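K.L.:
This is my_file-v7.cif, which holds mmCIF, N, CA and C atoms:
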data_entry
loop_
_atom_site.label_atom_id
_atom_site.label_comp_id
_atom_site.auth_asym_id
_atom_site.auth_seq_id
_atom_site.Cartn_x
_atom_site.Cartn_y
_atom_site.Cartn_z
N MET A 114 0.82 -1.20 0.00
CA MET A 114 0.00 0.00 0.00
C MET A 114 0.86 1.25 0.00
N LYS A 115 1.94 1.25 0.77
CA LYS A 115 2.80 2.43 0.82
C LYS A 115 3.41 2.74 -0.54
N VAL A 116 3.79 1.70 -1.27
CA VAL A 116 4.39 1.89 -2.59
C VAL A 116 3.39 2.59 -3.51
N LYS A 117 2.15 2.12 -3.49
CA LYS A 117 1.11 2.69 -4.34
C LYS A 117 0.84 4.15 -3.96
N GLU A 118 0.74 4.42 -2.67
CA GLU A 118 0.47 5.79 -2.22
C GLU A 118 1.65 6.72 -2.52
N THR A 119 2.85 6.23 -2.33
CA THR A 119 4.02 7.05 -2.65
C THR A 119 4.04 7.39 -4.14
N GLY A 120 3.74 6.41 -4.96
CA GLY A 120 3.69 6.63 -6.41
C GLY A 120 2.62 7.63 -6.79
N ARG A 121 1.46 7.51 -6.17
CA ARG A 121 0.39 8.48 -6.44
C ARG A 121 0.82 9.89 -6.03
N GLY A 122 1.57 9.97 -4.95
CA GLY A 122 2.10 11.27 -4.53
C GLY A 122 3.03 11.85 -5.58
N LEU A 123 3.84 11.00 -6.19
CA LEU A 123 4.72 11.48 -7.26
C LEU A 123 3.91 11.97 -8.46
N VAL A 124 2.86 11.25 -8.79
CA VAL A 124 2.00 11.67 -9.91
C VAL A 124 1.34 13.00 -9.59
N ASN A 125 0.89 13.18 -8.36
CA ASN A 125 0.30 14.47 -7.96
C ASN A 125 1.31 15.60 -8.06
N GLU A 126 2.54 15.34 -7.64
CA GLU A 126 3.60 16.36 -7.77
C GLU A 126 3.87 16.66 -9.24
N ALA A 127 3.85 15.64 -10.07
CA ALA A 127 4.05 15.82 -11.51
C ALA A 127 2.95 16.70 -12.10
N LYS A 128 1.73 16.47 -11.66
CA LYS A 128 0.59 17.28 -12.14
C LYS A 128 0.81 18.76 -11.80
N LEU A 129 1.29 19.03 -10.61
CA LEU A 129 1.59 20.42 -10.23
C LEU A 129 2.67 21.02 -11.12
N ARG A 130 3.70 20.22 -11.44
CA ARG A 130 4.77 20.71 -12.31
C ARG A 130 4.22 21.05 -13.70
N LEU A 131 3.31 20.22 -14.20
CA LEU A 131 2.74 20.48 -15.52
C LEU A 131 1.87 21.74 -15.50
N GLU A 132 1.13 21.94 -14.43
CA GLU A 132 0.35 23.17 -14.31
C GLU A 132 1.26 24.39 -14.32
N THR A 133 2.36 24.30 -13.60
CA THR A 133 3.34 25.40 -13.57
C THR A 133 3.95 25.60 -14.95
N ALA A 134 4.25 24.50 -15.64
CA ALA A 134 4.82 24.59 -16.98
C ALA A 134 3.85 25.29 -17.93
N ASN A 135 2.59 24.94 -17.86
CA ASN A 135 1.60 25.59 -18.73
C ASN A 135 1.48 27.07 -18.42
N ASP A 136 1.53 27.42 -17.16
CA ASP A 136 1.49 28.83 -16.76
C ASP A 136 2.71 29.58 -17.30
N ALA A 137 3.88 28.95 -17.16
CA ALA A 137 5.12 29.57 -17.66
C ALA A 137 5.06 29.74 -19.18
N LEU A 138 4.52 28.74 -19.87
CA LEU A 138 4.37 28.84 -21.33
C LEU A 138 3.49 30.03 -21.69
N ALA A 139 2.38 30.16 -21.01
CA ALA A 139 1.45 31.26 -21.29
C ALA A 139 2.08 32.63 -21.04
N LYS A 140 3.01 32.68 -20.10
CA LYS A 140 3.67 33.95 -19.77
C LYS A 140 4.95 34.18 -20.55
N GLY A 141 5.32 33.23 -21.40
CA GLY A 141 6.52 33.40 -22.23
C GLY A 141 7.82 33.05 -21.53
N HIS A 142 7.74 32.31 -20.43
CA HIS A 142 8.94 31.88 -19.71
C HIS A 142 9.31 30.47 -20.18
N TYR A 143 9.91 30.41 -21.37
CA TYR A 143 10.08 29.13 -22.05
C TYR A 143 11.09 28.21 -21.38
N ALA A 144 12.18 28.74 -20.89
CA ALA A 144 13.17 27.89 -20.21
C ALA A 144 12.58 27.29 -18.95
N TYR A 145 11.86 28.09 -18.19
CA TYR A 145 11.24 27.59 -16.96
C TYR A 145 10.17 26.55 -17.28
N CYS A 146 9.41 26.79 -18.33
CA CYS A 146 8.42 25.83 -18.79
C CYS A 146 9.09 24.50 -19.12
N PHE A 147 10.21 24.57 -19.82
CA PHE A 147 10.96 23.37 -20.20
C PHE A 147 11.41 22.62 -18.95
N ARG A 148 11.95 23.35 -18.00
CA ARG A 148 12.45 22.73 -16.77
C ARG A 148 11.32 22.06 -15.99
N GLN A 149 10.20 22.72 -15.87
CA GLN A 149 9.08 22.14 -15.15
C GLN A 149 8.51 20.92 -15.88
N SER A 150 8.54 20.95 -17.20
CA SER A 150 8.10 19.80 -17.98
C SER A 150 9.02 18.61 -17.74
N GLN A 151 10.32 18.86 -17.68
CA GLN A 151 11.28 17.79 -17.41
C GLN A 151 11.01 17.18 -16.04
N GLU A 152 10.78 18.01 -15.04
CA GLU A 152 10.51 17.50 -13.70
C GLU A 152 9.22 16.68 -13.68
N CYS A 153 8.22 17.10 -14.43
CA CYS A 153 6.97 16.35 -14.53
C CYS A 153 7.24 14.95 -15.08
N VAL A 154 7.99 14.88 -16.16
CA VAL A 154 8.31 13.59 -16.77
C VAL A 154 9.11 12.72 -15.81
N GLU A 155 10.09 13.29 -15.17
CA GLU A 155 10.91 12.53 -14.22
C GLU A 155 10.04 11.92 -13.11
N LEU A 156 9.18 12.72 -12.53
CA LEU A 156 8.32 12.24 -11.45
C LEU A 156 7.35 11.17 -11.95
N CYS A 157 6.78 11.38 -13.12
CA CYS A 157 5.84 10.40 -13.67
C CYS A 157 6.50 9.06 -13.91
N LEU A 158 7.65 9.08 -14.56
CA LEU A 158 8.31 7.81 -14.88
C LEU A 158 8.77 7.09 -13.62
N LYS A 159 9.20 7.83 -12.63
CA LYS A 159 9.57 7.21 -11.36
C LYS A 159 8.34 6.61 -10.68
N ALA A 160 7.21 7.29 -10.77
CA ALA A 160 5.97 6.74 -10.21
C ALA A 160 5.58 5.46 -10.94
N CYS A 161 5.75 5.45 -12.24
CA CYS A 161 5.41 4.26 -13.02
C CYS A 161 6.30 3.08 -12.64
N LEU A 162 7.57 3.33 -12.49
CA LEU A 162 8.48 2.27 -12.05
C LEU A 162 8.08 1.76 -10.67
N ARG A 163 7.77 2.66 -9.80
CA ARG A 163 7.36 2.28 -8.44
C ARG A 163 6.09 1.43 -8.50
N ARG A 164 5.17 1.79 -9.39
CA ARG A 164 3.90 1.07 -9.50
C ARG A 164 4.10 -0.40 -9.85
N VAL A 165 5.14 -0.70 -10.63
CA VAL A 165 5.39 -2.09 -11.02
C VAL A 165 6.47 -2.75 -10.16
N GLY A 166 6.82 -2.10 -9.05
CA GLY A 166 7.73 -2.70 -8.09
C GLY A 166 9.21 -2.57 -8.40
N VAL A 167 9.56 -1.57 -9.18
CA VAL A 167 10.97 -1.34 -9.52
C VAL A 167 11.46 -0.11 -8.77
N GLU A 168 12.54 -0.27 -8.04
CA GLU A 168 13.15 0.88 -7.36
C GLU A 168 13.89 1.69 -8.42
N TYR A 169 13.54 2.94 -8.52
CA TYR A 169 14.15 3.79 -9.54
C TYR A 169 15.47 4.36 -9.05
N PRO A 170 16.36 4.67 -9.98
CA PRO A 170 17.64 5.28 -9.59
C PRO A 170 17.42 6.73 -9.16
N LYS A 171 18.27 7.21 -8.33
CA LYS A 171 18.18 8.59 -7.84
C LYS A 171 18.93 9.51 -8.81
N THR A 172 18.49 9.46 -10.04
CA THR A 172 19.02 10.31 -11.11
C THR A 172 17.82 10.98 -11.77
N HIS A 173 18.09 11.92 -12.65
CA HIS A 173 17.00 12.65 -13.28
C HIS A 173 16.43 11.95 -14.50
N GLU A 174 17.12 10.96 -15.00
CA GLU A 174 16.68 10.30 -16.22
C GLU A 174 16.70 8.79 -16.00
N VAL A 175 15.57 8.13 -16.22
CA VAL A 175 15.43 6.72 -15.84
C VAL A 175 15.07 5.81 -17.01
N SER A 176 15.32 6.24 -18.23
CA SER A 176 14.86 5.47 -19.38
C SER A 176 15.50 4.09 -19.47
N ILE A 177 16.75 3.92 -19.07
CA ILE A 177 17.39 2.61 -19.14
C ILE A 177 16.64 1.62 -18.24
N VAL A 178 16.32 2.05 -17.03
CA VAL A 178 15.59 1.19 -16.10
C VAL A 178 14.18 0.93 -16.62
N LEU A 179 13.57 1.93 -17.22
CA LEU A 179 12.23 1.77 -17.78
C LEU A 179 12.25 0.70 -18.88
N LYS A 180 13.21 0.78 -19.78
CA LYS A 180 13.33 -0.22 -20.85
C LYS A 180 13.61 -1.61 -20.28
N ASP A 181 14.51 -1.68 -19.32
CA ASP A 181 14.85 -2.97 -18.71
C ASP A 181 13.68 -3.60 -17.98
N SER A 182 12.72 -2.78 -17.56
CA SER A 182 11.57 -3.25 -16.79
C SER A 182 10.30 -3.35 -17.65
N ALA A 183 10.43 -3.23 -18.94
CA ALA A 183 9.28 -3.14 -19.84
C ALA A 183 8.27 -4.26 -19.64
N GLN A 184 8.72 -5.47 -19.41
CA GLN A 184 7.80 -6.61 -19.29
C GLN A 184 6.90 -6.54 -18.06
N ARG A 185 7.23 -5.68 -17.13
CA ARG A 185 6.41 -5.54 -15.92
C ARG A 185 5.16 -4.68 -16.17
N PHE A 186 5.16 -3.95 -17.26
CA PHE A 186 4.07 -3.02 -17.55
C PHE A 186 3.00 -3.68 -18.41
N PRO A 187 1.76 -3.16 -18.33
CA PRO A 187 0.71 -3.64 -19.23
C PRO A 187 1.10 -3.33 -20.69
N ALA A 188 0.55 -4.08 -21.60
CA ALA A 188 0.91 -3.95 -23.02
C ALA A 188 0.72 -2.53 -23.54
N TRP A 189 -0.37 -1.88 -23.19
CA TRP A 189 -0.63 -0.53 -23.71
C TRP A 189 0.47 0.44 -23.30
N PHE A 190 1.02 0.26 -22.10
CA PHE A 190 2.10 1.12 -21.63
C PHE A 190 3.42 0.70 -22.27
N ARG A 191 3.66 -0.60 -22.28
CA ARG A 191 4.90 -1.14 -22.85
C ARG A 191 5.08 -0.70 -24.30
N ASP A 192 3.99 -0.62 -25.05
CA ASP A 192 4.05 -0.21 -26.45
C ASP A 192 4.51 1.24 -26.62
N ARG A 193 4.47 2.00 -25.56
CA ARG A 193 4.84 3.43 -25.65
C ARG A 193 6.15 3.74 -24.94
N ILE A 194 6.81 2.76 -24.39
CA ILE A 194 8.03 3.00 -23.62
C ILE A 194 9.11 3.69 -24.44
N GLU A 195 9.29 3.30 -25.69
CA GLU A 195 10.31 3.95 -26.52
C GLU A 195 10.02 5.44 -26.67
N GLU A 196 8.77 5.77 -26.90
CA GLU A 196 8.37 7.17 -27.02
C GLU A 196 8.62 7.93 -25.71
N PHE A 197 8.23 7.32 -24.60
CA PHE A 197 8.42 7.94 -23.30
C PHE A 197 9.91 8.15 -23.01
N CYS A 198 10.72 7.19 -23.37
CA CYS A 198 12.17 7.31 -23.16
C CYS A 198 12.76 8.43 -24.03
N ARG A 199 12.30 8.51 -25.26
CA ARG A 199 12.78 9.58 -26.15
C ARG A 199 12.45 10.95 -25.56
N ILE A 200 11.25 11.11 -25.05
CA ILE A 200 10.84 12.38 -24.44
C ILE A 200 11.71 12.66 -23.21
N SER A 201 11.86 11.66 -22.35
CA SER A 201 12.62 11.83 -21.12
C SER A 201 14.07 12.20 -21.39
N VAL A 202 14.70 11.49 -22.28
CA VAL A 202 16.11 11.76 -22.61
C VAL A 202 16.26 13.16 -23.19
N GLY A 203 15.37 13.53 -24.10
CA GLY A 203 15.44 14.86 -24.72
C GLY A 203 15.31 15.98 -23.71
N LEU A 204 14.42 15.81 -22.75
CA LEU A 204 14.26 16.83 -21.72
C LEU A 204 15.43 16.83 -20.74
N ALA A 205 15.86 15.66 -20.34
CA ALA A 205 16.95 15.57 -19.36
C ALA A 205 18.26 16.13 -19.91
N GLU A 206 18.50 15.95 -21.20
CA GLU A 206 19.74 16.46 -21.80
C GLU A 206 19.85 17.98 -21.70
N ARG A 207 18.72 18.65 -21.65
CA ARG A 207 18.73 20.12 -21.61
C ARG A 207 18.25 20.66 -20.27
N ARG A 208 18.13 19.78 -19.29
CA ARG A 208 17.64 20.14 -17.97
C ARG A 208 18.47 21.25 -17.32
N ASP A 209 19.77 21.03 -17.25
CA ASP A 209 20.64 22.01 -16.59
C ASP A 209 20.70 23.33 -17.34
N ILE A 210 20.75 23.26 -18.66
CA ILE A 210 20.84 24.49 -19.44
C ILE A 210 19.55 25.31 -19.31
N ALA A 211 18.43 24.62 -19.05
CA ALA A 211 17.17 25.34 -18.84
C ALA A 211 17.19 26.12 -17.53
N MET A 212 18.04 25.71 -16.63
CA MET A 212 18.12 26.41 -15.35
C MET A 212 19.26 27.43 -15.32
N TYR A 213 20.39 27.03 -15.85
CA TYR A 213 21.60 27.86 -15.72
C TYR A 213 22.02 28.58 -17.00
N GLY A 214 21.50 28.14 -18.11
CA GLY A 214 21.96 28.68 -19.37
C GLY A 214 23.28 28.03 -19.78
N ASP A 215 23.92 28.61 -20.73
CA ASP A 215 25.24 28.13 -21.18
C ASP A 215 26.27 29.07 -20.59
N GLU A 216 26.82 28.66 -19.47
CA GLU A 216 27.74 29.54 -18.74
C GLU A 216 29.03 29.79 -19.50
N GLN A 217 29.50 28.81 -20.27
CA GLN A 217 30.73 29.00 -21.04
C GLN A 217 30.54 30.04 -22.14
N GLU A 218 29.36 30.04 -22.74
CA GLU A 218 29.08 30.99 -23.82
C GLU A 218 28.46 32.29 -23.29
N GLY A 219 28.14 32.31 -22.01
CA GLY A 219 27.53 33.49 -21.42
C GLY A 219 26.11 33.74 -21.89
N LEU A 220 25.38 32.66 -22.14
CA LEU A 220 24.00 32.79 -22.63
C LEU A 220 23.02 32.38 -21.53
N SER A 221 22.03 33.21 -21.32
CA SER A 221 21.03 32.92 -20.28
C SER A 221 20.03 31.88 -20.81
N PRO A 222 19.34 31.21 -19.90
CA PRO A 222 18.33 30.25 -20.33
C PRO A 222 17.26 30.88 -21.23
N GLN A 223 16.94 32.13 -20.95
CA GLN A 223 15.88 32.79 -21.71
C GLN A 223 16.18 32.90 -23.20
N VAL A 224 17.45 33.02 -23.56
CA VAL A 224 17.79 33.14 -24.99
C VAL A 224 17.99 31.78 -25.65
N LEU A 225 18.07 30.73 -24.85
CA LEU A 225 18.35 29.40 -25.39
C LEU A 225 17.09 28.58 -25.67
N PHE A 226 15.94 29.06 -25.21
CA PHE A 226 14.70 28.32 -25.39
C PHE A 226 13.66 29.18 -26.08
N ALA A 227 13.04 28.61 -27.08
CA ALA A 227 11.99 29.29 -27.84
C ALA A 227 10.63 28.68 -27.50
N ARG A 228 9.60 29.33 -27.95
CA ARG A 228 8.24 28.86 -27.70
C ARG A 228 8.06 27.41 -28.16
N GLY A 229 8.57 27.08 -29.32
CA GLY A 229 8.43 25.72 -29.83
C GLY A 229 9.05 24.68 -28.91
N ASP A 230 10.21 25.00 -28.33
CA ASP A 230 10.84 24.09 -27.36
C ASP A 230 9.90 23.84 -26.19
N ALA A 231 9.33 24.91 -25.69
CA ALA A 231 8.44 24.82 -24.52
C ALA A 231 7.15 24.07 -24.87
N GLU A 232 6.60 24.33 -26.03
CA GLU A 232 5.38 23.65 -26.43
C GLU A 232 5.60 22.14 -26.58
N ARG A 233 6.71 21.75 -27.18
CA ARG A 233 7.02 20.32 -27.32
C ARG A 233 7.25 19.67 -25.95
N ALA A 234 7.91 20.40 -25.07
CA ALA A 234 8.17 19.87 -23.72
C ALA A 234 6.86 19.65 -22.97
N VAL A 235 5.97 20.60 -23.01
CA VAL A 235 4.68 20.49 -22.33
C VAL A 235 3.86 19.35 -22.94
N ALA A 236 3.85 19.24 -24.25
CA ALA A 236 3.08 18.18 -24.90
C ALA A 236 3.58 16.80 -24.48
N GLY A 237 4.89 16.62 -24.47
CA GLY A 237 5.46 15.34 -24.04
C GLY A 237 5.16 15.04 -22.59
N ALA A 238 5.30 16.04 -21.75
CA ALA A 238 5.02 15.85 -20.32
C ALA A 238 3.55 15.51 -20.10
N ALA A 239 2.67 16.18 -20.81
CA ALA A 239 1.23 15.92 -20.67
C ALA A 239 0.90 14.49 -21.09
N GLU A 240 1.53 14.02 -22.14
CA GLU A 240 1.29 12.66 -22.61
C GLU A 240 1.74 11.63 -21.57
N ILE A 241 2.90 11.84 -21.01
CA ILE A 241 3.42 10.91 -20.01
C ILE A 241 2.59 10.99 -18.72
N LEU A 242 2.14 12.17 -18.36
CA LEU A 242 1.28 12.30 -17.18
C LEU A 242 -0.03 11.54 -17.38
N ARG A 243 -0.63 11.65 -18.56
CA ARG A 243 -1.86 10.91 -18.84
C ARG A 243 -1.64 9.40 -18.70
N ALA A 244 -0.53 8.92 -19.24
CA ALA A 244 -0.22 7.48 -19.16
C ALA A 244 0.03 7.06 -17.70
N SER A 245 0.68 7.90 -16.95
CA SER A 245 0.95 7.59 -15.54
C SER A 245 -0.34 7.49 -14.75
N LYS A 246 -1.24 8.43 -14.97
CA LYS A 246 -2.53 8.38 -14.29
C LYS A 246 -3.29 7.12 -14.68
N ARG A 247 -3.27 6.79 -15.96
CA ARG A 247 -3.95 5.59 -16.43
C ARG A 247 -3.37 4.33 -15.80
N LEU A 248 -2.07 4.29 -15.67
CA LEU A 248 -1.42 3.13 -15.05
C LEU A 248 -1.90 2.94 -13.62
N TYR A 249 -2.06 4.02 -12.90
CA TYR A 249 -2.51 3.92 -11.51
C TYR A 249 -3.99 3.56 -11.43
N VAL A 250 -4.78 4.01 -12.37
CA VAL A 250 -6.21 3.68 -12.37
C VAL A 250 -6.42 2.24 -12.82
N SER A 251 -5.74 1.85 -13.90
CA SER A 251 -5.96 0.52 -14.47
C SER A 251 -5.35 -0.59 -13.63
N SER A 252 -4.40 -0.23 -12.78
CA SER A 252 -3.73 -1.25 -11.96
C SER A 252 -4.41 -1.42 -10.61
N GLY A 253 -5.47 -0.71 -10.39
CA GLY A 253 -6.22 -0.86 -9.14
C GLY A 253 -5.74 -0.08 -7.99
#
Could you take the file, read its structure, and then write that structure out as structure tokens?
P.N.:
Amino acid sequence: MKVKETGRGLVNEAKLRLETANDALAKGHYAYCFRQSQECVELCLKACLRRVGVEYPKTHEVSIVLKDSAQRFPAWFRDRIEEFCRISVGLAERRDIAMYGDEQEGLSPQVLFARGDAERAVAGAAEILRASKRLYVSSG
């Protein structure tokens, strides 16, 4: 029971991150939107791993563990793991730059992210959040 409740807590936190990301997108804060979208995806995927009894690594990107654990998931989720991993990796690769910018080049996060980046990040995060919620509902 604790595992299920902890996972649901992660999904709820992810939902808050997505709400913040959408707000940031609406206000034109694209780097912040990107960062919040990445956090949403991270929390969702960790909740999904927890739901199937896999302890997730304490890193920001868990796609290797997700792929290795694919057989533990229902078919509808398993069929989308590659897509979810692609989204997660893409967001995680730019996670730090969304917060700090490119310090070597002296570029702030605000100049490194455009509306399209933020829109794609939010769309991917929303898709993974929907799947995470479904996993918790369909698994009882």
K.L.:
Can you tell me how far atom N of A:Thr133 sits from atom N of A:Val167, in Å to one decimal?
P.N.:
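Those two atoms sit 27.2 Å apart.
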K.L.:
Run the PyMOL selection byres (((chain A and resi 138 and name CA) around 12) and name CA) against the file shown and list the residues it catches, as a PyMOL selection string.
P.N.:
chain A and resi 131-137+139-150+226-236
K.L.:
Point out the residue among A:Ile194, A:Leu242, A:Ala205, A:Leu162 with the least atom-to-atom distance to A:Glu174, counting all atoms listed in the file.
P.N.:
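Once distances to A:Glu174 are computed over all atoms listed in the file, the minimum belongs to A:Ala205.
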K.L.:
Could you check which of A:Ile210, A:Ala238, A:Leu204, A:Val165 is closest to A:Leu225, using only N, CA and C atoms?
P.N.:
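Smallest separation from A:Leu225 among the options: A:Ile210.
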K.L.:
At what distance in Å, to one decimal, does atom N of A:Arg207 lie from atom N of A:Gly166?
P.N.:
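Atom-to-atom, atom N of A:Gly166 and atom N of A:Arg207 are spaced 27.0 Å apart.
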K.L.:
Using only C-alpha atoms, which residue out of A:Val202, A:Leu179, A:Ala127, A:Ala188 lies closest to A:Ser251?
P.N.:
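Selected residue with least distance to A:Ser251: A:Ala188.
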K.L.:
Which residues in stretch 134-249 of chain A does DSSP call alpha helix (DSSP H)? List them as a ChimeraX atom specification.
P.N.:
/A:134-140,143-164,176-181,188-191,194-206,208-213,222-225,228-249
K.L.:
Using the chain letters and numbers from the file, give me the residues hit by the PyMOL selection byres ((chain A and resi 201) around 7), as a list of chain:residue names.
P.N.:
A:Val154, A:Glu155, A:Glu174, A:Val175, A:Ser176, A:Glu196, A:Phe197, A:Cys198, A:Arg199, A:Ile200, A:Val202, A:Gly203, A:Leu204, A:Ala205, A:Glu206
K.L.:
Can I get the selected residues back with N, CA and C atoms, as an mmCIF file, in the coordinates of the input?
P.N.:
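Contents of the output file again_9.cif:
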data_model
loop_
_atom_site.group_PDB
_atom_site.id
_atom_site.type_symbol
_atom_site.label_atom_id
_atom_site.label_comp_id
_atom_site.auth_asym_id
_atom_site.auth_seq_id
_atom_site.Cartn_x
_atom_site.Cartn_y
_atom_site.Cartn_z
ATOM 1 N N VAL A 154 7.990 14.880 -16.160
ATOM 2 C CA VAL A 154 8.310 13.590 -16.770
ATOM 3 C C VAL A 154 9.110 12.720 -15.810
ATOM 4 N N GLU A 155 10.090 13.290 -15.170
ATOM 5 C CA GLU A 155 10.910 12.530 -14.220
ATOM 6 C C GLU A 155 10.040 11.920 -13.110
ATOM 7 N N GLU A 174 17.120 10.960 -15.000
ATOM 8 C CA GLU A 174 16.680 10.300 -16.220
ATOM 9 C C GLU A 174 16.700 8.790 -16.000
ATOM 10 N N VAL A 175 15.570 8.130 -16.220
ATOM 11 C CA VAL A 175 15.430 6.720 -15.840
ATOM 12 C C VAL A 175 15.070 5.810 -17.010
ATOM 13 N N SER A 176 15.320 6.240 -18.230
ATOM 14 C CA SER A 176 14.860 5.470 -19.380
ATOM 15 C C SER A 176 15.500 4.090 -19.470
ATOM 16 N N GLU A 196 8.770 5.770 -26.900
ATOM 17 C CA GLU A 196 8.370 7.170 -27.020
ATOM 18 C C GLU A 196 8.620 7.930 -25.710
ATOM 19 N N PHE A 197 8.230 7.320 -24.600
ATOM 20 C CA PHE A 197 8.420 7.940 -23.300
ATOM 21 C C PHE A 197 9.910 8.150 -23.010
ATOM 22 N N CYS A 198 10.720 7.190 -23.370
ATOM 23 C CA CYS A 198 12.170 7.310 -23.160
ATOM 24 C C CYS A 198 12.760 8.430 -24.030
ATOM 25 N N ARG A 199 12.300 8.510 -25.260
ATOM 26 C CA ARG A 199 12.780 9.580 -26.150
ATOM 27 C C ARG A 199 12.450 10.950 -25.560
ATOM 28 N N ILE A 200 11.250 11.110 -25.050
ATOM 29 C CA ILE A 200 10.840 12.380 -24.440
ATOM 30 C C ILE A 200 11.710 12.660 -23.210
ATOM 31 N N VAL A 202 14.700 11.490 -22.280
ATOM 32 C CA VAL A 202 16.110 11.760 -22.610
ATOM 33 C C VAL A 202 16.260 13.160 -23.190
ATOM 34 N N GLY A 203 15.370 13.530 -24.100
ATOM 35 C CA GLY A 203 15.440 14.860 -24.720
ATOM 36 C C GLY A 203 15.310 15.980 -23.710
ATOM 37 N N LEU A 204 14.420 15.810 -22.750
ATOM 38 C CA LEU A 204 14.260 16.830 -21.720
ATOM 39 C C LEU A 204 15.430 16.830 -20.740
ATOM 40 N N ALA A 205 15.860 15.660 -20.340
ATOM 41 C CA ALA A 205 16.950 15.570 -19.360
ATOM 42 C C ALA A 205 18.260 16.130 -19.910
ATOM 43 N N GLU A 206 18.500 15.950 -21.200
ATOM 44 C CA GLU A 206 19.740 16.460 -21.800
ATOM 45 C C GLU A 206 19.850 17.980 -21.700
#
